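Asker: Take this structure first; my questions come after.
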Amino acid sequence: MKRLFVASIAMVAAGALFATAGYGKKGSSGSGEIKYEEHTLDNGLRVVLSEDHSVPVVAVNVWYHVGSALEEKGRSGFAHLFEHMMFEGSANVEKGDHFKYVSEAGGSMNGSTTQDRTNYYETLPSNRLNLGLWLESDRMRSLVITEEKFENQRETVKEERRQGIDNQPYGEAFLVSDTLGYDGWPYDHTVIGSMDDLNAAHVDDVQKFFNRYYCPANAVLVIVGDIEPKKTMEMVKQYFGNIPSGQKSTFPTWDEKFNKGERRKVVDSPKANVPALFATYQIPGHIHADTPAIELLNTILVDGDASIMHQRLVKQEEAAFGVFGFVDGRLGPGEFRIIVASNNGVEIGTCEKLMDEEIDKVIANGVTKEELDRAKTKVRSTFVSQRETVMGKAEEIHHYIRFHKDLSEINTDLDSFMSVTPQDIQRVAKTYLGKANRTLVVAAPPKSS
Amino acid sequence: MIRTKFMGLLAASLLAAAALTPALAKEAPPPAEPLKKMAFPAYSEMKTKNGLDVVVVEHHEQPVASIWMAVKAGSVLDPEGKESLASYTGSLVNKGTKDKDAKKLAEWIESVGGTFSASTGEDETIFTIDVLSEYLPTAYQYLADVILNPTFPEDEFKEEQKRAKTAIEFEKSDPDAMANRHFDQVVYGKHPYATHPTSESVEAVTRDDVVAFHKKNYVANNALLFVVGDVKKGDVKKDAEKYFGSWATGTPDVASYSATPERTAKNIALYHRPGSVQTELRVGQVGLRPNDPDWPAIAVANRVLGAGASGRLFNDLREKHGWTYGAYSSFTKEKDRGQFFAEASCRTEVTDSALVALIDNVNKMVDEPVTDAELEGGKSYIIGNFPTTIETPSQIAAQIGQVKLLGLDKSWLENYRKEVAKVTKADVQAAMKKHVQPGSMAIIAVGDASAIEDKLKVIAPVAVYDIDGNPISMDEVAVQGTDFDYDTASLVNTTATYSFKYQEMNLGDMNVTLTKQGKEFASTSAITGMIQMNEEMKFGADFEPLAYKFSMAAGPQQAKADVAFADGVAKGHVEGGKDGPKDINVPLVKGAILKSAIDVVISTLPLETGKTFKFPVIDAQSGSMENLSLEVMGEEDVTVAAGSYSTYKVKVKSGEGEQIMYVRKEAPHVLVKQEVPAQGINIELKSIKM
């Protein structure tokens, strides 16, 4: 979903984010139900199990409730740099062996960092569940940190930044648009961090960060797939039970006002050849009751060939090369994003004007029932498809634990989407899509002589 | 919300880390528990009254369904000279039916959140729809409409033809695709798996051919319908009759799988790609038939040799030597015979070493048993990975589809893991010995022949071809200097405007100037419109290059070049060309001219019908030297916006193909019209002032 022109415009940095942007659509009533059971070990590790015996496969997925929002000032990028260190070896796993063990078992693995959490996961044949638990427990208990490994990963991350951001046509503009609207430190800096901060990070910080955030009390372990719950819990206790509890983290709260006045910025984009605009509207945290209407509004505006913005800017006016967007729901205030790349030779100001006209129309007149129904069908289709695999289910469980009032909403959330009315859509458009509530970043290619 | 921010690169860095030799861990990971019996979803087979085979897999995990329709009408049925007919047919079915045009069809399926795709392979064309199970009726109706009632509108056909032509031109610039194409042709010979579309064949197919092909081959008794997911067997049976019961039966075409060529010796086919900084290598031969009992052993062998980043090829060519970004091997499974190959794309300078390493690694698999650790690692990957490939309805459909379409025994899905588990080191070696003949493997190299031919012929006999596969001699490859007596005396200040069309789209006007500056000349050309192009060049009294600047932006594509010439050497930087950004430092041979100035050079030549010329040129957009030849084909009257002209028709041939220039018969022979047929470019004179 919502990939539209990502590939063709080589928006690789942005693409990494957008590829899964459709994931925010949640819920289920009857269909797509996920059954689960919850446990908490004595050391505070929360464990959720979900049986799915359709194939002998299992997903082992650990979320640590720490992300870039908890970084200290002057250490932007550290949470993600730390994530790299988690693959560099622990008490019983040598550097590089993590990958080898998983691969020889026929599995796959990875990890990722956002503002609000960091995850680590493996998909394995179910007879290798013990391997996944052993690997995750070993690095929750111990990390083997050396100056050499740290330097190596610092350079790797800097290289990652160069390739993924600095060398991409819209990389910098995307990062600017992701942070420009925030005044509070937790979200006003990027996950990848600045080069200066990365250079300033110290190997001693790694152990401190590990001690503070990487512990059972601050983690959730989700296991989905072909498992026997009783036996699985025995294994979980065996591997994780004696890890010292540590301490749960608290997510920072800060005063982030809405309608702070429009903020505009032009970002020189020497690697781009088509100007693009990034309009970012501030929305409340994901837990807010407006979230379903907000996500449906985004779908109606920018998702697919039939969407309002695509029809007007791309088809009718031929002013834009592509239009897309997504909702970045977070623990703290999130972002409603629209991105437009102009057609060759069309002033980006023309695209902005047309976009504003369409948003104003929605604010003034609302949307049709047909438009809303089509968006609801897309949402249903999407949320079912992301629950098809064991790893998809595991991520869903984590999402509801971290971002919703209660995990049980995993099986009711769709109802809130389905009960959204055209009036709700108009109301949230009015509430959040005013110019005073947005940032507008223009990626400007070099002027051609 | 899932945010997969920086995953890809992390995976890559792990891959690199994985290659380091680990010391012994203090505590070993827990041993594998007993293998779970993999309960592959049961499936039922049925047939409609009109002979359509139907496979149903009930999978109620989620309320989704996946419909597959496989029509046994793949590229093996393309008539000679009309390669691409089957793929045209597949791509065009949903571009218009009896009562719906392309747009309506797209809206119809989008309104239920469904996705439709069509893809034509060697033996069949497969159509898929994924949809929420409650929308199955729409999915059936849509599929039945596009399969049974397509109208193949003429304008959609023309558009498809343009896309096909562009795709072939694009392929020509892609060394990997060209290596695959030539490898297929060498190992399969007259066998239909050798065929690939050409610029001529996509042109030769007509709409009538498509209509006839559809009528003959898109019949109920030539197709398989798979319905997988949240469905009931009984409902599917009823629905299949309801929606496809009226589908006609017929006598479809039958593929004739002729024998593949006998190979007796190892030899190299080298396809010349002037200025290539890398060489694409393929080493291999025809492989196994789908029902060969050796598949489990071969699959393990391939894992060890090069199926992934843990294979010997990757470790040797990339991790140990750094000759390439990746090196892999593959045994493909086809309805008739598959193929085996080892491949790498390596830097030009190390082409011979990389080729020797590819061959040696293949030899070693035949000559020596694999190690115990390799055997176990390979087996456990295949066995462990298999269930992760059948998690979703569409994955399940793909697995059963493979079994049905390859004509494998139904038990294959159940038994495969067991068979792999039994494989021994001796089995692996015996299977490699039986199916791979290192002494007579075909070797394909796509690269700069002038840089690698002499090194390659030490390894095996080399035959050299141009990129299209026409034999050429090394004399033609070598860029030769010339003593040609260029004469710029007749050049005068000129401004001209040309229309510039690409695939019949008007991209804008191209303004061209030529200005005499003392003894030197400056020439510019510029296009502003849907594409933006600026070119400035300078050359001296003997057409010797002095400076070249170029920039272009077309949609997301952009390219530039900035090259200076001094002491017979071209130095500068180019971006966006076939090899990406690079610095160039190229010595010029005697008499070399700027390729972009060829029209100016032609205007000064003593042209006569039948005369030919050959010049060394520097392509300053890519920094490569090549030969360019001209042939005056004859005279022709040409009418363009600027007026009617008597012209010479001149064929211009260079590394990137052929083009035709019509130049005024009267000297100076200014360019009146230019055609680059393969790319659909057409340039015509609108006005000129001299």
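Every chain in the structure tokens has a letter given in the order shown (A, B, ...), and although residue numbers restart at 1 in each chain, ligands are simply numbered from 1 in the order shown.
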Please provide the set of residues having any atom within 10 Å of Ile298 in chain B, restricted to only C-alpha atoms, with same-chain residues fewer than 2 positions apart removed, written as a PyMOL selection string.
Answerer: chain B and resi 288+292-296+300-304+330-331+420+423+427-432+435
Asker: Output as an MDAnalysis selection string all residues of range 200-418 of chain A that backbone DSSP marks as strand (DSSP E or B).
Answerer: chainID A and resid 219:225 263:268 276:283 320:328 334:342
Asker: Could you list, as a VMD selection string, every residue of chain A that has an atom within 7 Å of an atom of chain B, counting only C-alpha atoms?
Answerer: chain A and resid 9 16 to 17 20 23 to 24 31 to 32 55 to 57 92 to 97 99 to 100 103 to 107 110 to 114 125 127 to 128 130 to 131 134 160 273 329 344 374 377 to 378 381 384 388 to 389 399
Asker: Go ahead and save the residues from that selection, with C-alpha atoms, as an mmCIF file, in the first residue's frame.
Answerer:
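Contents of result_39.cif, as written:
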```cif
data_model
loop_
_atom_site.group_PDB
_atom_site.id
_atom_site.type_symbol
_atom_site.label_atom_id
_atom_site.label_comp_id
_atom_site.auth_asym_id
_atom_site.auth_seq_id
_atom_site.Cartn_x
_atom_site.Cartn_y
_atom_site.Cartn_z
ATOM 1 C CA ILE A 9 11.327 8.415 -8.104
ATOM 2 C CA ALA A 16 12.218 2.264 3.575
ATOM 3 C CA LEU A 17 9.688 4.040 5.737
ATOM 4 C CA THR A 20 5.095 -0.525 5.620
ATOM 5 C CA TYR A 23 0.448 -0.931 8.803
ATOM 6 C CA GLY A 24 -1.340 1.573 10.956
ATOM 7 C CA SER A 31 -12.640 -11.658 10.947
ATOM 8 C CA GLY A 32 -8.891 -11.742 11.339
ATOM 9 C CA VAL A 55 2.360 -24.379 9.328
ATOM 10 C CA PRO A 56 5.237 -25.548 11.538
ATOM 11 C CA VAL A 57 6.699 -22.087 11.795
ATOM 12 C CA ASN A 92 27.571 -17.293 24.289
ATOM 13 C CA VAL A 93 27.114 -15.955 20.781
ATOM 14 C CA GLU A 94 30.189 -14.793 18.942
ATOM 15 C CA LYS A 95 30.087 -11.836 16.564
ATOM 16 C CA GLY A 96 28.365 -12.952 13.382
ATOM 17 C CA ASP A 97 27.038 -16.220 14.776
ATOM 18 C CA PHE A 99 23.029 -14.721 11.597
ATOM 19 C CA LYS A 100 24.706 -18.069 10.945
ATOM 20 C CA SER A 103 20.242 -19.142 8.568
ATOM 21 C CA GLU A 104 21.288 -22.743 9.131
ATOM 22 C CA ALA A 105 17.976 -23.321 10.846
ATOM 23 C CA GLY A 106 16.238 -22.160 7.680
ATOM 24 C CA GLY A 107 15.043 -18.981 9.342
ATOM 25 C CA ASN A 110 16.290 -8.614 11.657
ATOM 26 C CA GLY A 111 15.818 -5.657 13.954
ATOM 27 C CA SER A 112 14.695 -2.032 13.691
ATOM 28 C CA THR A 113 14.493 1.187 15.687
ATOM 29 C CA THR A 114 11.858 3.928 15.791
ATOM 30 C CA PRO A 125 10.788 -23.604 11.786
ATOM 31 C CA ASN A 127 11.360 -27.166 16.034
ATOM 32 C CA ARG A 128 13.944 -24.376 16.361
ATOM 33 C CA ASN A 130 14.490 -23.046 21.336
ATOM 34 C CA LEU A 131 17.186 -21.462 19.178
ATOM 35 C CA TRP A 134 18.229 -18.931 23.419
ATOM 36 C CA GLU A 160 24.141 3.657 6.476
ATOM 37 C CA ASN A 273 15.775 16.540 -10.225
ATOM 38 C CA GLY A 329 0.974 7.218 14.592
ATOM 39 C CA ASN A 344 8.731 18.054 -14.843
ATOM 40 C CA ARG A 374 -13.805 2.361 -0.586
ATOM 41 C CA THR A 377 -12.614 -1.792 2.263
ATOM 42 C CA LYS A 378 -8.939 -1.024 1.728
ATOM 43 C CA SER A 381 -8.120 -5.779 3.309
ATOM 44 C CA VAL A 384 -6.266 -8.901 7.264
ATOM 45 C CA GLU A 388 -1.529 -13.639 7.474
ATOM 46 C CA THR A 389 1.931 -14.614 8.678
ATOM 47 C CA HIS A 399 1.600 -2.780 18.363
#
```
Asker: Determine the nearest neighbour of Asn585 in chain B from the options B:Arg318, B:Lys571, B:Lys333, B:Lys103, counting only C-alpha atoms.
Answerer: B:Lys571
Asker: Please run DSSP on the backbone and report, as JSON, numbers by chain, all residues within range 368-457 of chain B that come out as alpha helix (DSSP H).
Answerer: {"B": [372, 373, 374, 375, 376, 377, 378, 379, 380, 381, 382, 383, 384, 385, 393, 394, 395, 396, 397, 398, 399, 400, 401, 402, 403, 404, 405, 406, 412, 413, 414, 415, 416, 417, 418, 419, 420, 421, 422, 425, 426, 427, 428, 429, 430, 431, 432, 433, 434, 435, 449, 450, 451, 452, 453, 454, 455, 456]}
Asker: Measure the distance from CA of Ile593 in chain B to CA of Phe615 in chain B in Å and round it to one decimal.
Answerer: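 So the answer is 7.5 Å.
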Asker: Taking only C-alpha atoms into account, name the residue in B:Leu52, B:Ile129, B:Val219, B:Val350 that is nearest to Ser66 in chain B.
Answerer: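 Once distances to Ser66 in chain B are computed over only C-alpha atoms, the minimum belongs to B:Ile129.
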Asker: Could you name the residues that touch Arg212 in chain A at 12 Å or less, counting only C-alpha atoms, but leaving out those on the same chain fewer than 6 positions away, as a list in words?
Answerer: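 Non-adjacent residues within range: Tyr64, His65, Val66, Leu70, Glu71, Ala79, Met140, Asp205, Val206, Asn218, Ala219, Pro244, Ser245, Gly246, Gln247, Lys248, Ser249 and Thr250 of chain A.
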Asker: So which residues touch Ala460 in chain B within 8 Å, counting only C-alpha atoms, skipping near sequence neighbours fewer than 5 positions away, as a list in words?
Answerer: Lys266, Asn267 and Ile268 of chain B
Asker: Using only C-alpha atoms, find the one residue out of A:Gly241, A:Gly332, A:Gly74, A:Gly345 that sits nearest to Asp255 in chain A.
Answerer: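 The shortest atom-to-atom distance to Asp255 in chain A comes from A:Gly332.
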Asker: Could you check the closest approach to Ala86 in chain B for each of B:Lys425, B:Lys335, B:Lys653, B:Lys216 and tell me which residue wins, using only C-alpha atoms?
Answerer: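 The closest residue to Ala86 in chain B is B:Lys216.
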Asker: Please provide as a PDB file with C-alpha atoms, in the first residue's frame all residues within 9 Å of range 337-346 of chain B, with the sequence filter that same-chain residues fewer than 4 positions apart are discarded (counting only C-alpha atoms).
Answerer:
```pdb
ATOM      1  CA  ASP B 176      22.679  -9.002 -16.619  1.00  0.00           C
ATOM      2  CA  ASP B 184      19.537 -19.293 -22.838  1.00  0.00           C
ATOM      3  CA  VAL B 187      22.450 -23.796 -23.977  1.00  0.00           C
ATOM      4  CA  TYR B 188      18.973 -24.339 -25.424  1.00  0.00           C
ATOM      5  CA  TYR B 193      13.208 -22.120 -23.970  1.00  0.00           C
ATOM      6  CA  THR B 260      18.936 -29.213 -26.663  1.00  0.00           C
ATOM      7  CA  VAL B 277      33.459  -1.530 -16.280  1.00  0.00           C
ATOM      8  CA  GLN B 278      32.131  -4.929 -15.269  1.00  0.00           C
ATOM      9  CA  THR B 279      31.812  -8.314 -16.917  1.00  0.00           C
ATOM     10  CA  GLU B 280      28.727 -10.482 -16.481  1.00  0.00           C
ATOM     11  CA  LEU B 281      29.715 -14.129 -16.326  1.00  0.00           C
ATOM     12  CA  ARG B 282      27.597 -17.268 -16.665  1.00  0.00           C
ATOM     13  CA  VAL B 283      29.007 -20.780 -16.564  1.00  0.00           C
ATOM     14  CA  GLY B 284      26.645 -23.672 -17.057  1.00  0.00           C
ATOM     15  CA  GLN B 285      24.546 -25.994 -19.170  1.00  0.00           C
ATOM     16  CA  VAL B 286      21.097 -27.538 -19.415  1.00  0.00           C
ATOM     17  CA  GLY B 287      19.949 -29.107 -16.173  1.00  0.00           C
ATOM     18  CA  LEU B 288      17.457 -31.556 -14.740  1.00  0.00           C
ATOM     19  CA  ARG B 289      13.920 -32.454 -15.710  1.00  0.00           C
ATOM     20  CA  PRO B 290      11.365 -31.636 -13.009  1.00  0.00           C
ATOM     21  CA  LEU B 305      27.944 -24.193  -4.009  1.00  0.00           C
ATOM     22  CA  GLY B 306      26.142 -20.921  -4.218  1.00  0.00           C
ATOM     23  CA  LEU B 313      30.952 -18.889  -4.497  1.00  0.00           C
ATOM     24  CA  LEU B 317      34.635 -14.456  -5.008  1.00  0.00           C
ATOM     25  CA  TRP B 323      35.993  -9.355  -7.051  1.00  0.00           C
ATOM     26  CA  THR B 324      32.249  -8.976  -7.045  1.00  0.00           C
ATOM     27  CA  TYR B 325      29.257  -7.876  -5.000  1.00  0.00           C
ATOM     28  CA  GLY B 326      27.788 -11.357  -5.215  1.00  0.00           C
ATOM     29  CA  ALA B 327      28.344 -14.774  -6.812  1.00  0.00           C
ATOM     30  CA  TYR B 328      25.665 -17.443  -6.924  1.00  0.00           C
ATOM     31  CA  SER B 329      24.608 -20.700  -8.536  1.00  0.00           C
ATOM     32  CA  SER B 330      21.237 -22.008  -9.548  1.00  0.00           C
ATOM     33  CA  PHE B 331      19.476 -25.107 -10.871  1.00  0.00           C
ATOM     34  CA  THR B 332      16.160 -24.058 -12.384  1.00  0.00           C
ATOM     35  CA  LYS B 333      13.064 -26.233 -12.552  1.00  0.00           C
ATOM     36  CA  VAL B 350      39.574  -9.353 -12.630  1.00  0.00           C
ATOM     37  CA  THR B 351      37.307 -11.053 -15.178  1.00  0.00           C
ATOM     38  CA  ALA B 354      36.685 -14.577 -11.383  1.00  0.00           C
ATOM     39  CA  LEU B 355      35.896 -16.906 -14.268  1.00  0.00           C
ATOM     40  CA  LEU B 358      33.619 -19.959 -10.921  1.00  0.00           C
ATOM     41  CA  ILE B 359      34.832 -22.937 -12.948  1.00  0.00           C
ATOM     42  CA  VAL B 362      31.957 -26.054  -9.971  1.00  0.00           C
ATOM     43  CA  HIS B 435      24.215 -33.627 -14.061  1.00  0.00           C
ATOM     44  CA  VAL B 436      27.171 -31.309 -14.517  1.00  0.00           C
TER      45      VAL B 436
END
```
Asker: Record the distance separating CA of Met85 in chain A and CA of Tyr214 in chain A, expressed in Å with one decimal.
Answerer: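 Answer for the CA of Met85 in chain A to CA of Tyr214 in chain A separation: 12.1 Å.
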Asker: If we count only C-alpha atoms and set the cut-off at 7 Å, which residues sit around Asn94 in chain B, ignoring sequence neighbours fewer than 4 positions away in its own chain? Please answer as a PyMOL selection string.
Answerer: chain B and resi 102+105+146+150
Asker: Restricting the calculation to only C-alpha atoms: of A:Val144, A:Leu440, A:Leu81, A:Ala69, which residue gets closest to Asp188 in chain A?
Answerer: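 Result for the nearest residue to Asp188 in chain A: A:Ala69.
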Asker: Any idea what's packed within 8 Å of Arg438 in chain A, counting only C-alpha atoms, ignoring anything in its chain fewer than 4 positions away? Could you give it as a PyMOL selection string?
Answerer: chain A and resi 181+259+261-263+279-282+433-434
Asker: Please compute the CA of Leu354 in chain A-CA of Pro275 in chain A distance, one decimal, in Å.
Answerer: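 Going from CA of Leu354 in chain A over to CA of Pro275 in chain A, I get 15.2 Å.
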